[in-house]
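Participant: Next up is a structure, given as structure tokens.
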Amino acid sequence: GDSVTQMEGPVTLSEEAFLTINCTYTATGYPSLFWYVQYPGEGLQLLLKATKADDKGSNKGFEATYRKETTSFHLEKGSVQVSDSAVYFCARLTGGGNKLTFGTGTQLKVEL
Amino acid sequence: EAGVAQSPRYKIIEKRQSVAFWCNPISGHATLYWYQQILGQGPKLLIQFQNNGVVDDSQLPKDRFSAERLKGVDSTLKIQPAKLEDSAVYLCASSYGDRTYGELFFGEGSRLTVL
């Protein structure tokens, strides 16, 4: 079925390090893809999205490129901050574009 | 703009008891979702409403879970009787319009512990 798979955490980085969180999706059509973030004590919020192949979503210094050939949507940031510590969820639209399916989440811890 | 409101934030019950969660979506949002997030897993859709009609409840365990959205605004999710495996965070989300386009607004969630 339609699903997304993301790397397990926790990922622990020092401040200003480069971040990559891997996400791949099952190749059923060309779904819109998303990254959601959940900061401690808060609800999930949309971080960025891409709706078609080769699109790049970006927000708050984070980027992800929709790669059709590798069915991937990896999240990257060039220099992480302590305030980026959160759980990151990759997600895709399914069910004819009206249902959001999430990955298991990757916890990021950024230390000074 | 007020966000999605949920209550209670925390609830502890014993198995076989009942519990109810309440959600008030963002004003004007036609679509409302209930997700279940078990520790270490991603959110799983339980039920989706468009206005006060059910769009998708395929993953709702209907023998024990029920949900309603009266008047197309706020919603309640009920579990009766609860099982140990129902321990999770129950997330409510809403979106504008009758199609998701993936842009959901989430509440802070209601954490349920079943003992």
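If you're wondering about the labels, chains in the structure tokens are A, B, ... by order shown, residues count from 1 in each chain, ligands from 1 in order shown.
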Distance table requested - chain A against chain B, cut-off 6 Å, only C-alpha atoms: one row per qualifying residue with the closest atom pair and its distance in Å to one decimal, ordered by chain and rising residue number, as a Markdown table.

Facilitator:
```
| residue | atom | partner | partner_atom | distance |
| --- | --- | --- | --- | --- |
| A:Glu42 | CA | B:Glu108 | CA | 5.2 |
| A:Gly43 | CA | B:Glu108 | CA | 4.1 |
| A:Leu44 | CA | B:Phe106 | CA | 5.6 |
| A:Asn98 | CA | B:Thr100 | CA | 5.1 |
| A:Phe102 | CA | B:Gly42 | CA | 5.5 |
| A:Gly103 | CA | B:Gly42 | CA | 5.3 |
| A:Thr104 | CA | B:Gly42 | CA | 4.0 |
| A:Gly105 | CA | B:Gly42 | CA | 5.9 |
```

Participant: Produce a file of the selected residues containing N, CA and C atoms, as an mmCIF file, in the first residue's frame.

Facilitator:
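The new file result06.cif reads:
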```
data_model
loop_
_atom_site.group_PDB
_atom_site.id
_atom_site.type_symbol
_atom_site.label_atom_id
_atom_site.label_comp_id
_atom_site.auth_asym_id
_atom_site.auth_seq_id
_atom_site.Cartn_x
_atom_site.Cartn_y
_atom_site.Cartn_z
ATOM 1 N N GLU A 42 4.364 20.643 21.565
ATOM 2 C CA GLU A 42 3.519 21.324 20.578
ATOM 3 C C GLU A 42 2.900 20.318 19.610
ATOM 4 N N GLY A 43 1.919 20.773 18.844
ATOM 5 C CA GLY A 43 1.322 19.931 17.820
ATOM 6 C C GLY A 43 2.181 19.893 16.566
ATOM 7 N N LEU A 44 1.894 18.937 15.704
ATOM 8 C CA LEU A 44 2.603 18.860 14.431
ATOM 9 C C LEU A 44 2.302 20.103 13.593
ATOM 10 N N ASN A 98 -6.554 12.802 -0.772
ATOM 11 C CA ASN A 98 -7.312 13.398 0.309
ATOM 12 C C ASN A 98 -6.963 12.822 1.666
ATOM 13 N N PHE A 102 1.681 9.176 7.248
ATOM 14 C CA PHE A 102 2.926 9.612 7.872
ATOM 15 C C PHE A 102 3.924 8.473 8.016
ATOM 16 N N GLY A 103 5.207 8.836 8.010
ATOM 17 C CA GLY A 103 6.249 7.924 8.429
ATOM 18 C C GLY A 103 6.295 7.857 9.945
ATOM 19 N N THR A 104 7.254 7.102 10.458
ATOM 20 C CA THR A 104 7.322 6.856 11.899
ATOM 21 C C THR A 104 7.966 7.992 12.679
ATOM 22 N N GLY A 105 8.564 8.938 11.987
ATOM 23 C CA GLY A 105 9.173 10.073 12.675
ATOM 24 C C GLY A 105 10.640 9.836 12.997
#
```

Participant: As a PDB file with N, CA, C and O atoms, in the first residue's frame, please: the residues near region 55-63 of chain A (cut-off 9 Å, only C-alpha atoms, same-chain neighbours under 3 positions excluded).

Facilitator:
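The result, stored in selection-v3.pdb:
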```
ATOM      1  N   PHE A  34       5.505  15.710   1.935  1.00  0.00           N
ATOM      2  CA  PHE A  34       5.529  16.728   2.988  1.00  0.00           C
ATOM      3  C   PHE A  34       6.545  16.357   4.061  1.00  0.00           C
ATOM      4  O   PHE A  34       6.846  15.179   4.291  1.00  0.00           O
ATOM      5  N   LEU A  47       6.171  21.803   7.729  1.00  0.00           N
ATOM      6  CA  LEU A  47       7.461  22.448   7.548  1.00  0.00           C
ATOM      7  C   LEU A  47       7.663  22.842   6.081  1.00  0.00           C
ATOM      8  O   LEU A  47       8.003  23.978   5.774  1.00  0.00           O
ATOM      9  N   LEU A  48       7.460  21.877   5.180  1.00  0.00           N
ATOM     10  CA  LEU A  48       7.594  22.169   3.762  1.00  0.00           C
ATOM     11  C   LEU A  48       6.897  21.083   2.951  1.00  0.00           C
ATOM     12  O   LEU A  48       6.562  20.032   3.490  1.00  0.00           O
ATOM     13  N   LYS A  49       6.723  21.366   1.658  1.00  0.00           N
ATOM     14  CA  LYS A  49       6.051  20.388   0.806  1.00  0.00           C
ATOM     15  C   LYS A  49       6.558  20.509  -0.620  1.00  0.00           C
ATOM     16  O   LYS A  49       7.163  21.517  -1.006  1.00  0.00           O
ATOM     17  N   ALA A  50       6.298  19.459  -1.410  1.00  0.00           N
ATOM     18  CA  ALA A  50       6.574  19.470  -2.843  1.00  0.00           C
ATOM     19  C   ALA A  50       5.480  18.668  -3.527  1.00  0.00           C
ATOM     20  O   ALA A  50       5.100  17.601  -3.041  1.00  0.00           O
ATOM     21  N   THR A  51       4.957  19.187  -4.611  1.00  0.00           N
ATOM     22  CA  THR A  51       3.784  18.570  -5.220  1.00  0.00           C
ATOM     23  C   THR A  51       4.080  17.792  -6.490  1.00  0.00           C
ATOM     24  O   THR A  51       3.216  17.058  -6.982  1.00  0.00           O
ATOM     25  N   LYS A  52       5.273  17.940  -7.057  1.00  0.00           N
ATOM     26  CA  LYS A  52       5.584  17.180  -8.265  1.00  0.00           C
ATOM     27  C   LYS A  52       7.078  16.932  -8.353  1.00  0.00           C
ATOM     28  O   LYS A  52       7.883  17.556  -7.646  1.00  0.00           O
ATOM     29  N   TYR A  66      11.987  16.571  -4.337  1.00  0.00           N
ATOM     30  CA  TYR A  66      11.185  15.434  -4.773  1.00  0.00           C
ATOM     31  C   TYR A  66      11.951  14.714  -5.880  1.00  0.00           C
ATOM     32  O   TYR A  66      12.064  15.213  -7.002  1.00  0.00           O
ATOM     33  N   ARG A  67      12.485  13.534  -5.577  1.00  0.00           N
ATOM     34  CA  ARG A  67      13.273  12.761  -6.544  1.00  0.00           C
ATOM     35  C   ARG A  67      12.472  11.556  -7.004  1.00  0.00           C
ATOM     36  O   ARG A  67      12.347  10.566  -6.295  1.00  0.00           O
ATOM     37  N   HIS A  74      14.378  13.527   0.830  1.00  0.00           N
ATOM     38  CA  HIS A  74      15.239  13.678   2.000  1.00  0.00           C
ATOM     39  C   HIS A  74      15.239  15.123   2.502  1.00  0.00           C
ATOM     40  O   HIS A  74      15.324  16.065   1.702  1.00  0.00           O
ATOM     41  N   LEU A  75      15.208  15.264   3.827  1.00  0.00           N
ATOM     42  CA  LEU A  75      15.218  16.592   4.444  1.00  0.00           C
ATOM     43  C   LEU A  75      16.656  16.989   4.755  1.00  0.00           C
ATOM     44  O   LEU A  75      17.412  16.187   5.318  1.00  0.00           O
ATOM     45  N   GLU A  76      17.031  18.223   4.418  1.00  0.00           N
ATOM     46  CA  GLU A  76      18.394  18.692   4.648  1.00  0.00           C
ATOM     47  C   GLU A  76      18.380  20.100   5.238  1.00  0.00           C
ATOM     48  O   GLU A  76      17.479  20.887   4.974  1.00  0.00           O
ATOM     49  N   LYS A  77      19.429  20.349   6.025  1.00  0.00           N
ATOM     50  CA  LYS A  77      19.673  21.700   6.506  1.00  0.00           C
ATOM     51  C   LYS A  77      21.176  21.875   6.657  1.00  0.00           C
ATOM     52  O   LYS A  77      21.850  21.003   7.204  1.00  0.00           O
ATOM     53  N   GLY A  78      21.662  22.987   6.195  1.00  0.00           N
ATOM     54  CA  GLY A  78      23.103  23.184   6.150  1.00  0.00           C
ATOM     55  C   GLY A  78      23.744  23.406   7.510  1.00  0.00           C
ATOM     56  O   GLY A  78      24.898  23.022   7.733  1.00  0.00           O
ATOM     57  N   SER A  79      23.009  24.011   8.433  1.00  0.00           N
ATOM     58  CA  SER A  79      23.587  24.342   9.732  1.00  0.00           C
ATOM     59  C   SER A  79      22.461  24.323  10.775  1.00  0.00           C
ATOM     60  O   SER A  79      21.668  25.263  10.856  1.00  0.00           O
ATOM     61  N   VAL A  80      22.426  23.262  11.562  1.00  0.00           N
ATOM     62  CA  VAL A  80      21.324  23.114  12.521  1.00  0.00           C
ATOM     63  C   VAL A  80      21.592  23.927  13.784  1.00  0.00           C
ATOM     64  O   VAL A  80      22.739  24.204  14.139  1.00  0.00           O
TER      65      VAL A  80
END
```

Participant: Considering only C-alpha atoms, state which residue in the set A:Ser14, A:Thr65, A:Ser32, A:Thr70 is at the smallest distance from Lys99 (chain A).

Facilitator: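 Once distances to Lys99 (chain A) are computed over only C-alpha atoms, the minimum belongs to A:Ser32.
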
Participant: Could you pull out the residues in chain A that DSSP calls strand (DSSP E) from the backbone, as a PyMOL selection string?

Facilitator: chain A and resi 4-6+11-14+19-21+23-25+33-38+45-50+56-59+62-65+75-77+86-94+99-102+106-111

Participant: Which of these residues is nearest to Glu69 (chain A), using only C-alpha atoms: A:Ala53, A:Arg92, A:Pro40, A:Leu33?

Facilitator: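 Of A:Ala53, A:Arg92, A:Pro40, A:Leu33, the one nearest Glu69 (chain A) is A:Ala53, counting only C-alpha atoms.
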
Participant: List the spatial neighbours of Tyr36 (chain A) as a list in words - criterion: any atom at most 7 Å away, only C-alpha atoms, same-chain residues fewer than 6 positions off excluded.

Facilitator: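 Everything that qualifies: Leu44, Gln45, Leu46, Leu47, Tyr88, Phe89 and Cys90 of chain A.
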
Participant: Fewer than 6 positions away in the same chain doesn't count, so skip those; otherwise give me all residues within 7 Å of Ala20 (chain B), counting only C-alpha atoms, as an MDAnalysis selection string.

Facilitator: chainID B and resid 76:79

Participant: Using only C-alpha atoms, find the one residue out of B:Gln6, B:Asn51, B:Gln17, B:Ser66 that sits nearest to Pro81 (chain B).

Facilitator: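 Of the candidates, the smallest distance to Pro81 (chain B) is held by B:Gln17.
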
Participant: Pick out the closest residue to Ser83 (chain A) from this set: A:Asp54, A:Gly9, A:Tyr39, A:Val4. Count only C-alpha atoms.

Facilitator: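 Using only C-alpha atoms, the shortest distance to Ser83 (chain A) belongs to A:Tyr39.
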
Participant: Give me the residues near Leu46 (chain B) as a list in words, where near means some atom within 7 Å (using only C-alpha atoms) and where sequence neighbours in that chain fewer than 4 positions away do not count.

Facilitator: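 The residues that qualify are Trp34, Tyr35, Gln36, Asp57, Gln59 and Leu60 of chain B.
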
Participant: Please dump the current selection as a short mmCIF file (atom, residue, chain, number, x, y, z; two decimals), in the first residue's frame; keep N, CA, C and O atoms.

Facilitator:
```
data_model
loop_
_atom_site.label_atom_id
_atom_site.label_comp_id
_atom_site.auth_asym_id
_atom_site.auth_seq_id
_atom_site.Cartn_x
_atom_site.Cartn_y
_atom_site.Cartn_z
N TRP B 34 -9.19 12.90 13.05
CA TRP B 34 -8.66 12.33 14.29
C TRP B 34 -7.57 11.32 13.91
O TRP B 34 -7.81 10.41 13.12
N TYR B 35 -6.40 11.52 14.49
CA TYR B 35 -5.28 10.61 14.30
C TYR B 35 -4.92 9.97 15.64
O TYR B 35 -5.04 10.59 16.69
N GLN B 36 -4.42 8.75 15.57
CA GLN B 36 -3.87 8.06 16.74
C GLN B 36 -2.36 7.95 16.56
O GLN B 36 -1.90 7.47 15.52
N ASP B 57 -13.51 6.38 7.53
CA ASP B 57 -13.37 5.80 8.87
C ASP B 57 -12.89 4.36 8.77
O ASP B 57 -13.18 3.52 9.63
N GLN B 59 -10.08 2.94 9.21
CA GLN B 59 -9.17 2.44 10.22
C GLN B 59 -9.66 2.69 11.64
O GLN B 59 -8.89 2.55 12.59
N LEU B 60 -10.90 3.03 11.78
CA LEU B 60 -11.48 3.24 13.11
C LEU B 60 -12.00 1.90 13.65
O LEU B 60 -12.83 1.26 13.01
#
```

Participant: Which is closest to Cys23 (chain A) among A:Met7, A:Leu108, A:Leu100, A:Val82, if we use only C-alpha atoms?

Facilitator: A:Met7

Participant: May I ask for the distance between CA of Gly28 (chain B) and CA of Gly72 (chain B), given in Å to one decimal place?

Facilitator: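 CA of Gly72 (chain B) lies at a distance of 9.8 Å from CA of Gly28 (chain B).
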